[in-house]
Amino acid sequence: MNVFQTTLVSLRAVYRNRMRSFLTALGIIIGVGAVITMMAIGAGAQAQVEATFAAMGNNLLVIQAGSSSVGGVKGGAGTQPTLSWDDLTAIKDEVSSVKRAAPYLRSSQTILGDDQNWATSIIGTTPEYFDIRNWPMSAGAGFTQQDVDGNTKVVVLGQTVVDNLFGANANAVGQTVRINNTPFDVVGVAAKKGQSSTGQDYDDIAFVPSGTFAQKIQGGFGRKLQGQIYVEARSADLTTRAQKDVETLLRDRHHLQQDQDDDFQIRNMAELANAKQASTDTMTTLLASVAAVSLLVGGIGIMNIMLVSVTERTREIGIRMAIGAKPRVILLQFLIEALVLSMGGGLIGVGLGVGAAKYIAGKFGWPILVQPQVIMMSFGFSAAVGIVFGLYPARKASQLDPIDALRYE
């Protein structure tokens, strides 16, 4: 009997006991489906983390002023004005590992259009900020360094502000808006950034030159920088070095002794991204490991049912051996039956897992990413489970003595 005929015999045996075959494969179905679903959710969360930090900007450091302390009560980061405009210039000019640096001054104001108004965040900065944040213009050219130096009353609007002031798909460039009773000409619309992982709308924002911000919104251009400094390292590999170089420079400029704490804070976005990524990877691995246990349970179920099948079909095995079937043919027959159960369960599990992942994404709004390599790995593992757990029953069937098998009742 050739392999094709043996396969047909195996398929008929599985088909004769359809319900038992399905229940046997159920462990594999659940295991494969659970692995694919969990890995899709984990990969989606991982991709979202990467997209979120990519939206923040590459190789990004955020420098904040220190915390004030009154009567032992600390006011929090940024409450003590310790950063200066000279610090910003020194960071740009003296730190070789820094590519760009820009101020980030923030105030909440209401912008007035022709017949609409919208409360949003007004940011005072320089053109380098848009390069640091990888934030191009979707319309217009934005403001220039000449606008910063000349304290020009120009503004770049986020898409959310444009939609609420002028309507969706409106061309805001060339329009005039009022901020703090001062007219500003719209010179650009920033490309859509979307939302952060915490739900913050990056596009609900407006940008003006830092000098204009200080004069018209902040109320004066003092020596202290009343905000944050955004810094871009020259490469991802140099981000940690840039952080150390900036820290050394600021401690020297602020005349801090070795035993004194920093009067500023530096947040390394790359470190935050790596920490978030590590926690996501750990959770994904944990979920996948728990789901993989179902595959092992399914394999044990296949072995159990195959042993029962061998016992039930002992007389059939004896007859086949008596008329010339060799032990390797019997071994192959039962091994193919185990493979049919495991691989069939794997195929159903793949469909179930992909469907469940898409359902969860639609129902709860979770990000998912179905990876072909995960599907192939899960299906291959289900086939391996069939071989491993089907081999013992198949060997037991092939080693039966034909005479004892014919006598079996």
# chains A, B, ... in the order shown; residues from 1 in each chain; ligands from 1
call {"tool": "closest_atom_pairs", "arguments": {"of": "segment 59-165 of chain A", "to": "segment 240-248 of chain A", "cutoff": "10 Å", "atoms": "only C-alpha atoms", "output": "CSV"}}
result
residue,atom,partner,partner_atom,distance
A:Asn59,CA,A:Thr240,CA,9.1
A:Leu60,CA,A:Gln243,CA,9.6
A:Leu61,CA,A:Gln243,CA,7.1
A:Val62,CA,A:Gln243,CA,9.5
A:Ile63,CA,A:Val246,CA,9.2
A:Asp87,CA,A:Val246,CA,9.7
A:Ala90,CA,A:Val246,CA,9.3
A:Ile91,CA,A:Val246,CA,6.6
A:Lys92,CA,A:Val246,CA,9.8
A:Glu94,CA,A:Val246,CA,9.3
A:Val95,CA,A:Asp245,CA,6.6
A:Ser96,CA,A:Ala242,CA,8.1
A:Ser97,CA,A:Ala242,CA,5.1
A:Val98,CA,A:Ala242,CA,6.0
A:Lys99,CA,A:Ala242,CA,9.4
call {"tool": "select_by_dssp", "arguments": {"residues": "segment 136-182 of chain A", "states": "strand (DSSP E or B)", "output": "list in words"}}
result
Met137, Ser138, Ala139, Gly140, Val154, Val155, Val156, Leu157, Thr176, Val177, Arg178, Ile179 and Thr182 of chain A
call {"tool": "residues_around", "arguments": {"residues": "Val32 of chain A", "least_positions_apart": "5", "cutoff": "7 Å", "atoms": "only C-alpha atoms", "output": "MDAnalysis selection string"}}
result
chainID A and resid 295 346 349:350 378
call {"tool": "residues_around", "arguments": {"residues": "segment 23-30 of chain A", "least_positions_apart": "2", "cutoff": "10 Å", "atoms": "only C-alpha atoms", "output": "compact mmCIF listing (two decimals) with N, CA and C atoms, in the first residue's frame"}}
result
# COMPACT_ATOMS: atom_id res chain seq x y z
N ARG A 18 -16.37 11.85 13.27
CA ARG A 18 -16.24 13.29 13.08
C ARG A 18 -16.29 14.06 14.40
N MET A 19 -17.28 13.77 15.23
CA MET A 19 -17.42 14.52 16.47
C MET A 19 -16.23 14.30 17.39
N ARG A 20 -15.80 13.05 17.51
CA ARG A 20 -14.65 12.77 18.37
C ARG A 20 -13.40 13.45 17.81
N SER A 21 -13.25 13.44 16.48
CA SER A 21 -12.09 14.09 15.85
C SER A 21 -12.09 15.59 16.13
N VAL A 32 -3.91 27.45 18.99
CA VAL A 32 -3.42 28.24 17.85
C VAL A 32 -4.16 29.57 17.77
N GLY A 33 -5.50 29.52 17.95
CA GLY A 33 -6.27 30.75 17.90
C GLY A 33 -5.85 31.74 18.97
N ALA A 34 -5.62 31.24 20.18
CA ALA A 34 -5.22 32.12 21.29
C ALA A 34 -3.84 32.72 21.05
N VAL A 35 -2.90 31.90 20.55
CA VAL A 35 -1.56 32.41 20.29
C VAL A 35 -1.61 33.53 19.25
N ALA A 291 -1.10 31.03 26.24
CA ALA A 291 -1.87 30.47 25.14
C ALA A 291 -1.22 29.20 24.59
N ALA A 292 0.12 29.15 24.59
CA ALA A 292 0.83 27.99 24.06
C ALA A 292 0.59 26.74 24.90
N VAL A 293 0.25 26.93 26.18
CA VAL A 293 -0.07 25.78 27.03
C VAL A 293 -1.24 25.00 26.45
N SER A 294 -2.18 25.72 25.82
CA SER A 294 -3.34 25.06 25.20
C SER A 294 -2.89 24.11 24.10
N LEU A 295 -1.83 24.49 23.40
CA LEU A 295 -1.31 23.60 22.34
C LEU A 295 -0.78 22.30 22.94
N LEU A 296 -0.07 22.42 24.05
CA LEU A 296 0.45 21.21 24.69
C LEU A 296 -0.70 20.34 25.22
N VAL A 297 -1.71 20.99 25.81
CA VAL A 297 -2.88 20.24 26.28
C VAL A 297 -3.57 19.56 25.10
N GLY A 298 -3.67 20.28 23.98
CA GLY A 298 -4.26 19.68 22.78
C GLY A 298 -3.46 18.49 22.29
N GLY A 299 -2.12 18.58 22.37
CA GLY A 299 -1.28 17.46 21.95
C GLY A 299 -1.49 16.24 22.83
N ILE A 300 -1.62 16.47 24.13
CA ILE A 300 -1.89 15.35 25.04
C ILE A 300 -3.25 14.73 24.72
N GLY A 301 -4.22 15.58 24.38
CA GLY A 301 -5.53 15.07 24.00
C GLY A 301 -5.47 14.21 22.76
N ILE A 302 -4.67 14.63 21.78
CA ILE A 302 -4.50 13.83 20.55
C ILE A 302 -3.89 12.47 20.89
N MET A 303 -2.85 12.47 21.72
CA MET A 303 -2.21 11.20 22.09
C MET A 303 -3.20 10.29 22.81
N ASN A 304 -3.99 10.86 23.70
CA ASN A 304 -4.95 10.07 24.46
C ASN A 304 -5.98 9.41 23.55
N ILE A 305 -6.56 10.21 22.62
CA ILE A 305 -7.58 9.68 21.72
C ILE A 305 -6.97 8.67 20.75
N MET A 306 -5.74 8.91 20.31
CA MET A 306 -5.10 7.97 19.39
C MET A 306 -4.84 6.63 20.09
N ALA A 338 -2.96 11.42 13.22
CA ALA A 338 -2.62 12.44 14.22
C ALA A 338 -2.29 13.77 13.56
N VAL A 340 -3.48 14.82 10.64
CA VAL A 340 -4.73 15.39 10.13
C VAL A 340 -5.46 16.13 11.24
N LEU A 341 -5.51 15.52 12.41
CA LEU A 341 -6.19 16.15 13.54
C LEU A 341 -5.48 17.45 13.96
N SER A 342 -4.16 17.40 14.06
CA SER A 342 -3.43 18.58 14.55
C SER A 342 -3.38 19.68 13.50
N MET A 343 -3.10 19.32 12.23
CA MET A 343 -3.01 20.34 11.19
C MET A 343 -4.39 20.90 10.84
N GLY A 344 -5.41 20.04 10.85
CA GLY A 344 -6.76 20.55 10.64
C GLY A 344 -7.16 21.51 11.74
N GLY A 345 -6.83 21.13 12.99
CA GLY A 345 -7.09 22.04 14.11
C GLY A 345 -6.29 23.32 13.99
N GLY A 346 -5.05 23.21 13.47
CA GLY A 346 -4.22 24.40 13.27
C GLY A 346 -4.82 25.35 12.27
N LEU A 347 -5.33 24.82 11.15
CA LEU A 347 -5.95 25.66 10.13
C LEU A 347 -7.19 26.38 10.67
N ILE A 348 -8.03 25.63 11.37
CA ILE A 348 -9.23 26.25 11.97
C ILE A 348 -8.82 27.29 13.00
N GLY A 349 -7.78 26.98 13.79
CA GLY A 349 -7.29 27.91 14.80
C GLY A 349 -6.76 29.20 14.20
N VAL A 350 -6.09 29.09 13.05
CA VAL A 350 -5.58 30.29 12.37
C VAL A 350 -6.74 31.21 11.99
N GLY A 351 -7.78 30.62 11.36
CA GLY A 351 -8.94 31.43 11.00
C GLY A 351 -9.63 32.02 12.22
N LEU A 352 -9.74 31.22 13.27
CA LEU A 352 -10.37 31.70 14.50
C LEU A 352 -9.55 32.81 15.14
N GLY A 353 -8.23 32.65 15.16
CA GLY A 353 -7.36 33.66 15.78
C GLY A 353 -7.40 34.99 15.05
N SER A 378 2.76 29.22 14.35
CA SER A 378 1.71 28.54 15.10
C SER A 378 1.24 27.28 14.37
N PHE A 379 1.07 27.41 13.04
CA PHE A 379 0.64 26.25 12.27
C PHE A 379 1.72 25.16 12.27
N PHE A 381 3.91 24.68 14.59
CA PHE A 381 3.95 24.09 15.92
C PHE A 381 2.83 23.08 16.12
N SER A 382 1.66 23.39 15.55
CA SER A 382 0.55 22.45 15.66
C SER A 382 0.88 21.14 14.93
N ALA A 383 1.55 21.24 13.77
CA ALA A 383 1.97 20.03 13.04
C ALA A 383 2.99 19.25 13.86
N VAL A 385 3.26 19.24 17.09
CA VAL A 385 2.53 18.60 18.20
C VAL A 385 1.91 17.30 17.74
N GLY A 386 1.34 17.30 16.52
CA GLY A 386 0.73 16.08 15.99
C GLY A 386 1.74 14.96 15.82
call {"tool": "select_by_dssp", "arguments": {"residues": "segment 201-325 of chain A", "states": "alpha helix (DSSP H)", "output": "VMD selection string"}}
result
chain A and resid 210 to 212 239 to 253 269 to 312 314 to 322
call {"tool": "closest_residue", "arguments": {"among": "A:Gly66, A:Pro136, A:Val154, A:Asp252", "to": "Gly174 of chain A", "atoms": "only C-alpha atoms"}}
result
A:Val154
call {"tool": "residues_around", "arguments": {"residues": "Met39 of chain A", "least_positions_apart": "6", "cutoff": "12 Å", "atoms": "only C-alpha atoms", "output": "MDAnalysis selection string"}}
result
chainID A and resid 32:33 45:47 280:292 353:354 356:357 367:375 377:378
call {"tool": "closest_atom_pairs", "arguments": {"of": "segment 214-274 of chain A", "to": "segment 175-195 of chain A", "cutoff": "12 Å", "atoms": "only C-alpha atoms", "output": "CSV"}}
result
residue,atom,partner,partner_atom,distance
A:Gln215,CA,A:Thr182,CA,10.9
A:Lys216,CA,A:Thr182,CA,7.4
A:Ile217,CA,A:Asn180,CA,6.7
A:Gln218,CA,A:Asn180,CA,10.1
A:Gly219,CA,A:Asn180,CA,10.7
call {"tool": "atom_distance", "arguments": {"atom1": "atom CA of Tyr104 of chain A", "atom2": "atom CA of Gln260 of chain A"}}
result
26.5 Å
call {"tool": "residues_around", "arguments": {"residues": "Asp131 of chain A", "least_positions_apart": "5", "cutoff": "12 Å", "atoms": "only C-alpha atoms", "output": "compact mmCIF listing (two decimals) with C-alpha atoms, in the first residue's frame"}}
result
# COMPACT_ATOMS: atom_id res chain seq x y z
CA ALA A 55 5.51 61.22 16.50
CA MET A 56 7.36 62.83 19.41
CA GLY A 57 10.53 62.98 17.35
CA ASN A 58 13.74 61.01 16.91
CA ASN A 59 16.59 61.08 19.44
CA LEU A 60 14.64 63.52 21.61
CA LYS A 99 22.11 68.43 16.33
CA ARG A 100 19.34 70.91 17.12
CA ALA A 101 17.72 72.62 20.10
CA ALA A 102 14.59 74.73 20.34
CA THR A 125 9.30 78.18 19.52
CA THR A 126 11.71 78.37 16.56
CA PRO A 136 6.26 69.13 8.25
CA MET A 137 3.70 71.60 6.94
CA GLY A 142 5.67 78.00 8.32
CA ALA A 190 1.12 71.68 10.48
CA TYR A 230 13.69 70.35 23.12
CA VAL A 231 16.98 68.78 22.02
CA GLU A 232 17.70 66.40 19.14
CA ALA A 233 20.83 64.25 19.33
call {"tool": "closest_residue", "arguments": {"among": "A:Ser107, A:Asn171, A:Gln80, A:Asn164", "to": "Ser138 of chain A", "atoms": "only C-alpha atoms"}}
result
A:Asn171
